[in-house]
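Text of the file work_39.pdb, holding PDB, C-alpha atoms, pLDDT in the B column:
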ATOM      1  CA  MET I   1     -71.099  37.705   3.738  1.00 94.00           C
ATOM      2  CA  ASP I   2     -69.549  34.288   4.237  1.00 96.00           C
ATOM      3  CA  PHE I   3     -67.177  34.073   1.307  1.00 96.00           C
ATOM      4  CA  VAL I   4     -65.697  30.745   0.189  1.00 98.00           C
ATOM      5  CA  VAL I   5     -62.803  30.639  -2.272  1.00 98.00           C
ATOM      6  CA  VAL I   6     -62.058  27.311  -3.955  1.00 98.00           C
ATOM      7  CA  LEU I   7     -58.726  27.120  -5.809  1.00 98.00           C
ATOM      8  CA  ASP I   8     -57.749  24.533  -8.419  1.00 98.00           C
ATOM      9  CA  SER I   9     -54.159  23.442  -7.718  1.00 97.00           C
ATOM     10  CA  SER I  10     -53.931  20.734 -10.371  1.00 95.00           C
ATOM     11  CA  SER I  11     -50.695  20.271 -12.309  1.00 94.00           C
ATOM     12  CA  SER I  12     -52.176  21.939 -15.401  1.00 94.00           C
ATOM     13  CA  VAL I  13     -52.439  25.267 -13.553  1.00 96.00           C
ATOM     14  CA  GLY I  14     -48.659  25.579 -13.226  1.00 95.00           C
ATOM     15  CA  ILE I  15     -46.755  27.454 -10.546  1.00 96.00           C
ATOM     16  CA  GLU I  16     -46.737  30.770 -12.445  1.00 96.00           C
ATOM     17  CA  ASN I  17     -50.537  30.811 -12.800  1.00 96.00           C
ATOM     18  CA  TRP I  18     -50.955  29.553  -9.219  1.00 97.00           C
ATOM     19  CA  MET I  19     -49.026  32.601  -8.013  1.00 97.00           C
ATOM     20  CA  LYS I  20     -51.232  34.885 -10.148  1.00 97.00           C
ATOM     21  CA  VAL I  21     -54.388  33.305  -8.692  1.00 97.00           C
ATOM     22  CA  LYS I  22     -53.045  33.657  -5.154  1.00 97.00           C
ATOM     23  CA  LYS I  23     -52.127  37.315  -5.764  1.00 97.00           C
ATOM     24  CA  PHE I  24     -55.562  38.084  -7.229  1.00 97.00           C
ATOM     25  CA  THR I  25     -57.339  36.339  -4.345  1.00 96.00           C
ATOM     26  CA  HIS I  26     -55.145  38.087  -1.758  1.00 95.00           C
ATOM     27  CA  GLN I  27     -55.836  41.519  -3.261  1.00 95.00           C
ATOM     28  CA  PHE I  28     -59.551  40.836  -3.653  1.00 94.00           C
ATOM     29  CA  LEU I  29     -60.090  39.612  -0.090  1.00 93.00           C
ATOM     30  CA  SER I  30     -58.059  42.530   1.279  1.00 91.00           C
ATOM     31  CA  THR I  31     -60.764  44.933   0.085  1.00 92.00           C
ATOM     32  CA  PHE I  32     -63.296  43.629   2.636  1.00 89.00           C
ATOM     33  CA  THR I  33     -63.475  43.987   6.405  1.00 88.00           C
ATOM     34  CA  LEU I  34     -62.955  40.740   8.278  1.00 90.00           C
ATOM     35  CA  SER I  35     -65.218  40.734  11.341  1.00 89.00           C
ATOM     36  CA  PRO I  36     -67.961  38.692  13.017  1.00 86.00           C
ATOM     37  CA  GLU I  37     -70.487  41.305  11.819  1.00 88.00           C
ATOM     38  CA  GLY I  38     -68.911  41.788   8.378  1.00 89.00           C
ATOM     39  CA  SER I  39     -67.144  39.327   6.120  1.00 93.00           C
ATOM     40  CA  GLN I  40     -65.851  35.871   6.981  1.00 95.00           C
ATOM     41  CA  TYR I  41     -63.627  33.853   4.647  1.00 95.00           C
ATOM     42  CA  SER I  42     -62.932  30.243   3.898  1.00 97.00           C
ATOM     43  CA  VAL I  43     -60.302  29.165   1.381  1.00 98.00           C
ATOM     44  CA  PHE I  44     -59.174  25.750   0.255  1.00 98.00           C
ATOM     45  CA  ARG I  45     -57.437  24.182  -2.696  1.00 98.00           C
ATOM     46  CA  TYR I  46     -58.222  21.017  -4.559  1.00 98.00           C
ATOM     47  CA  ASN I  47     -56.969  18.803  -7.326  1.00 97.00           C
ATOM     48  CA  ARG I  48     -57.879  15.118  -7.335  1.00 96.00           C
ATOM     49  CA  GLU I  49     -58.482  15.527  -3.584  1.00 97.00           C
ATOM     50  CA  VAL I  50     -59.486  18.422  -1.362  1.00 98.00           C
ATOM     51  CA  ASP I  51     -56.588  19.652   0.761  1.00 98.00           C
ATOM     52  CA  THR I  52     -58.169  19.724   4.218  1.00 97.00           C
ATOM     53  CA  HIS I  53     -54.788  20.185   5.901  1.00 97.00           C
ATOM     54  CA  SER I  54     -54.264  23.765   4.689  1.00 97.00           C
ATOM     55  CA  GLN I  55     -57.919  24.792   4.348  1.00 97.00           C
ATOM     56  CA  ILE I  56     -59.137  27.853   6.202  1.00 97.00           C
ATOM     57  CA  LEU I  57     -62.623  27.549   7.685  1.00 96.00           C
ATOM     58  CA  LEU I  58     -65.050  30.438   8.142  1.00 95.00           C
ATOM     59  CA  GLN I  59     -64.576  30.260  11.908  1.00 92.00           C
ATOM     60  CA  ASP I  60     -60.763  30.173  11.872  1.00 94.00           C
ATOM     61  CA  HIS I  61     -59.925  33.890  11.548  1.00 92.00           C
ATOM     62  CA  GLN I  62     -62.944  35.998  12.429  1.00 87.00           C
ATOM     63  CA  THR I  63     -61.208  39.225  13.456  1.00 90.00           C
ATOM     64  CA  ASN I  64     -57.545  39.228  12.459  1.00 91.00           C
ATOM     65  CA  MET I  65     -56.846  39.852   8.774  1.00 92.00           C
ATOM     66  CA  ASP I  66     -53.088  39.469   9.273  1.00 93.00           C
ATOM     67  CA  ASP I  67     -53.551  35.953  10.705  1.00 95.00           C
ATOM     68  CA  PHE I  68     -55.922  35.076   7.880  1.00 95.00           C
ATOM     69  CA  MET I  69     -53.489  36.302   5.221  1.00 95.00           C
ATOM     70  CA  TYR I  70     -50.619  34.429   6.851  1.00 96.00           C
ATOM     71  CA  ALA I  71     -52.662  31.198   6.691  1.00 97.00           C
ATOM     72  CA  PHE I  72     -53.722  31.996   3.122  1.00 97.00           C
ATOM     73  CA  ASP I  73     -50.159  32.644   1.974  1.00 96.00           C
ATOM     74  CA  ASP I  74     -49.194  29.276   3.466  1.00 97.00           C
ATOM     75  CA  ILE I  75     -51.567  27.307   1.183  1.00 98.00           C
ATOM     76  CA  PRO I  76     -49.275  25.247  -1.062  1.00 97.00           C
ATOM     77  CA  TYR I  77     -49.444  24.403  -4.733  1.00 97.00           C
ATOM     78  CA  ASP I  78     -49.244  20.783  -5.811  1.00 92.00           C
ATOM     79  CA  GLY I  79     -51.265  17.843  -6.997  1.00 87.00           C
ATOM     80  CA  SER I  80     -52.764  16.482 -10.150  1.00 93.00           C
ATOM     81  CA  GLY I  81     -56.255  15.914 -11.436  1.00 94.00           C
ATOM     82  CA  THR I  82     -59.197  18.305 -11.488  1.00 96.00           C
ATOM     83  CA  HIS I  83     -62.128  16.966  -9.482  1.00 98.00           C
ATOM     84  CA  THR I  84     -64.226  20.109  -9.278  1.00 98.00           C
ATOM     85  CA  GLY I  85     -67.421  18.232  -8.409  1.00 98.00           C
ATOM     86  CA  ASN I  86     -65.673  16.802  -5.358  1.00 98.00           C
ATOM     87  CA  ALA I  87     -64.557  20.308  -4.348  1.00 98.00           C
ATOM     88  CA  ILE I  88     -68.104  21.685  -4.677  1.00 98.00           C
ATOM     89  CA  ASN I  89     -69.412  18.800  -2.568  1.00 98.00           C
ATOM     90  CA  HIS I  90     -66.814  19.735   0.068  1.00 98.00           C
ATOM     91  CA  VAL I  91     -68.236  23.270   0.145  1.00 98.00           C
ATOM     92  CA  VAL I  92     -71.775  21.948   0.689  1.00 98.00           C
ATOM     93  CA  ASP I  93     -70.970  19.068   3.057  1.00 97.00           C
ATOM     94  CA  TYR I  94     -68.237  20.659   5.144  1.00 96.00           C
ATOM     95  CA  ILE I  95     -67.521  24.371   4.642  1.00 97.00           C
ATOM     96  CA  LEU I  96     -71.157  25.540   4.737  1.00 96.00           C
ATOM     97  CA  ALA I  97     -72.257  22.848   7.212  1.00 92.00           C
ATOM     98  CA  PRO I  98     -73.563  23.908  10.626  1.00 85.00           C
ATOM     99  CA  GLY I  99     -70.849  24.217  13.248  1.00 85.00           C
ATOM    100  CA  LYS I 100     -68.094  25.278  10.834  1.00 85.00           C
ATOM    101  CA  GLY I 101     -68.639  29.023  11.172  1.00 89.00           C
ATOM    102  CA  ASN I 102     -71.285  29.544   8.493  1.00 92.00           C
ATOM    103  CA  ARG I 103     -73.622  32.251   9.740  1.00 93.00           C
ATOM    104  CA  PRO I 104     -77.343  31.750   9.000  1.00 91.00           C
ATOM    105  CA  ASN I 105     -77.983  35.479   8.413  1.00 91.00           C
ATOM    106  CA  ALA I 106     -74.986  36.062   6.130  1.00 94.00           C
ATOM    107  CA  GLN I 107     -75.087  35.720   2.354  1.00 96.00           C
ATOM    108  CA  ASP I 108     -72.992  32.741   1.246  1.00 97.00           C
ATOM    109  CA  ILE I 109     -70.851  33.457  -1.804  1.00 97.00           C
ATOM    110  CA  VAL I 110     -68.616  30.862  -3.459  1.00 98.00           C
ATOM    111  CA  LEU I 111     -65.848  31.734  -5.920  1.00 97.00           C
ATOM    112  CA  LEU I 112     -64.309  28.732  -7.662  1.00 98.00           C
ATOM    113  CA  ILE I 113     -61.215  29.332  -9.768  1.00 97.00           C
ATOM    114  CA  THR I 114     -60.136  26.585 -12.157  1.00 96.00           C
ATOM    115  CA  ASP I 115     -58.234  26.358 -15.419  1.00 93.00           C
ATOM    116  CA  GLY I 116     -60.387  23.890 -17.214  1.00 87.00           C
ATOM    117  CA  ARG I 117     -62.779  20.996 -17.470  1.00 91.00           C
ATOM    118  CA  SER I 118     -63.466  18.852 -14.448  1.00 96.00           C
ATOM    119  CA  GLN I 119     -62.599  15.177 -14.534  1.00 95.00           C
ATOM    120  CA  ASP I 120     -65.695  14.409 -12.475  1.00 97.00           C
ATOM    121  CA  SER I 121     -69.275  15.566 -12.898  1.00 97.00           C
ATOM    122  CA  VAL I 122     -70.183  18.997 -11.559  1.00 97.00           C
ATOM    123  CA  ARG I 123     -73.897  18.917 -12.449  1.00 97.00           C
ATOM    124  CA  ARG I 124     -75.270  17.407  -9.211  1.00 98.00           C
ATOM    125  CA  PRO I 125     -72.750  19.127  -6.897  1.00 98.00           C
ATOM    126  CA  ALA I 126     -73.600  22.515  -8.492  1.00 98.00           C
ATOM    127  CA  GLN I 127     -77.331  21.837  -8.007  1.00 98.00           C
ATOM    128  CA  ARG I 128     -76.693  20.957  -4.361  1.00 98.00           C
ATOM    129  CA  LEU I 129     -74.721  24.174  -3.862  1.00 98.00           C
ATOM    130  CA  ARG I 130     -77.463  26.311  -5.436  1.00 97.00           C
ATOM    131  CA  GLN I 131     -80.023  24.626  -3.166  1.00 97.00           C
ATOM    132  CA  THR I 132     -78.162  26.035  -0.137  1.00 96.00           C
ATOM    133  CA  GLY I 133     -78.955  29.546  -1.346  1.00 96.00           C
ATOM    134  CA  ALA I 134     -75.308  30.345  -2.022  1.00 97.00           C
ATOM    135  CA  THR I 135     -74.348  32.599  -4.886  1.00 96.00           C
TER     136      THR I 135
END

structure tokens encoding of this file:
Amino acid sequence: MDFVVVLDSSSSVGIENWMKVKKFTHQFLSTFTLSPEGSQYSVFRYNREVDTHSQILLQDHQTNMDDFMYAFDDIPYDGSGTHTGNAINHVVDYILAPGKGNRPNAQDIVLLITDGRSQDSVRRPAQRLRQTGAT
């Protein structure tokens, strides 16, 4: 599977909940085998904007779980606003785009964790994501 985790880091989440989300995600991803033939991961955070500086692409850590977890643990918490539609568009337009590590024969799975209502529309971005065949 190519597994994409999208994390809301808006100010309403709060640092305590951010740490809980990071711990859950860390534990969950640790249960899979990271390999070119197995699972690949992408993780990024968003608020009003998508944080492309700390994002992890599917192609970034294909074999070394320790390197992946180090990069994951380094994803910061900050920002304000909850533009979930923008984050979903980033998944479709960038994370799952050809040349970014998305494998054509792997099932794409997207887990988006947020604490509330988006400040932008998610209807069209969600339709676009479903049209890719992602779960």

- Two-atom distance - CA of His61 (chain I), CA of Tyr41 (chain I) (Å): 7.8 Å

- Message: Nearest residue to Leu111 (chain I) out of I:Asn86, I:Thr25, I:Asn47, I:Asn17, using all atoms listed in the file?
- Response: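 Of I:Asn86, I:Thr25, I:Asn47, I:Asn17, the one nearest Leu111 (chain I), counting all atoms listed in the file, is I:Thr25.
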
- With a distance cut-off of 12 Å and all atoms listed in the file, select the neighbouring residues of Asp66 (chain I), excluding the residue or stretch itself and same-chain residues fewer than 4 positions from it, and output the selection as a list of chain:residue names.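 Near neighbours after the sequence-gap exclusion: I:His26, I:Leu29, I:Ser30, I:Thr33, I:Leu34, I:His61, I:Gln62, I:Tyr70, I:Ala71, I:Phe72, I:Asp73.
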
- Task: Run through the PyMOL selection byres ((chain I and resi 39) around 12) on the given coordinates and return the selected residues as JSON, numbers by chain.
- Result: {"I": [1, 2, 3, 4, 29, 30, 31, 32, 33, 34, 35, 36, 37, 38, 40, 41, 42, 58, 59, 61, 62, 63, 64, 65, 101, 102, 103, 105, 106, 107, 108, 109]}

- I:Gln127, I:Ser118, I:Thr135, I:Thr84 ranked by distance to Leu7 (chain I), top pick (using only C-alpha atoms):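 Ranking I:Gln127, I:Ser118, I:Thr135, I:Thr84 by distance to Leu7 (chain I), first place goes to I:Thr84.
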
May I have the centre and edge lengths, in Å to one decimal, of an axis-aligned box around the listed atoms of region 105-112 of chain I with 4 Å added to every side, as AutoDock Vina command-line options?
--center_x -71.1 --center_y 32.4 --center_z 0.4 --size_x 21.7 --size_y 15.3 --size_z 24.1

- Name the residues that the PyMOL selection byres ((chain I and resi 45) around 10) picks from the file above, as an MDAnalysis selection string, using the file's chain letters and numbers. chainID I and resid 5:10 43:44 46:47 49:56 75:79 87 112:113

- Could you check how far CA of Arg123 (chain I) sits from CA of Ser12 (chain I), in Å to one decimal?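 Computing it gives 22.1 Å between the two atoms.
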
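Taking CA of Thr114 (chain I) and CA of Ala97 (chain I) as endpoints, the distance between them is 23.2 Å.
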
- Item | Nearest candidate to Ser121 (chain I) (options I:Ile15, I:Ala134, I:Ile88, I:Met69; using only C-alpha atoms) |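 Distance minimum relative to Ser121 (chain I) lands on I:Ile88.
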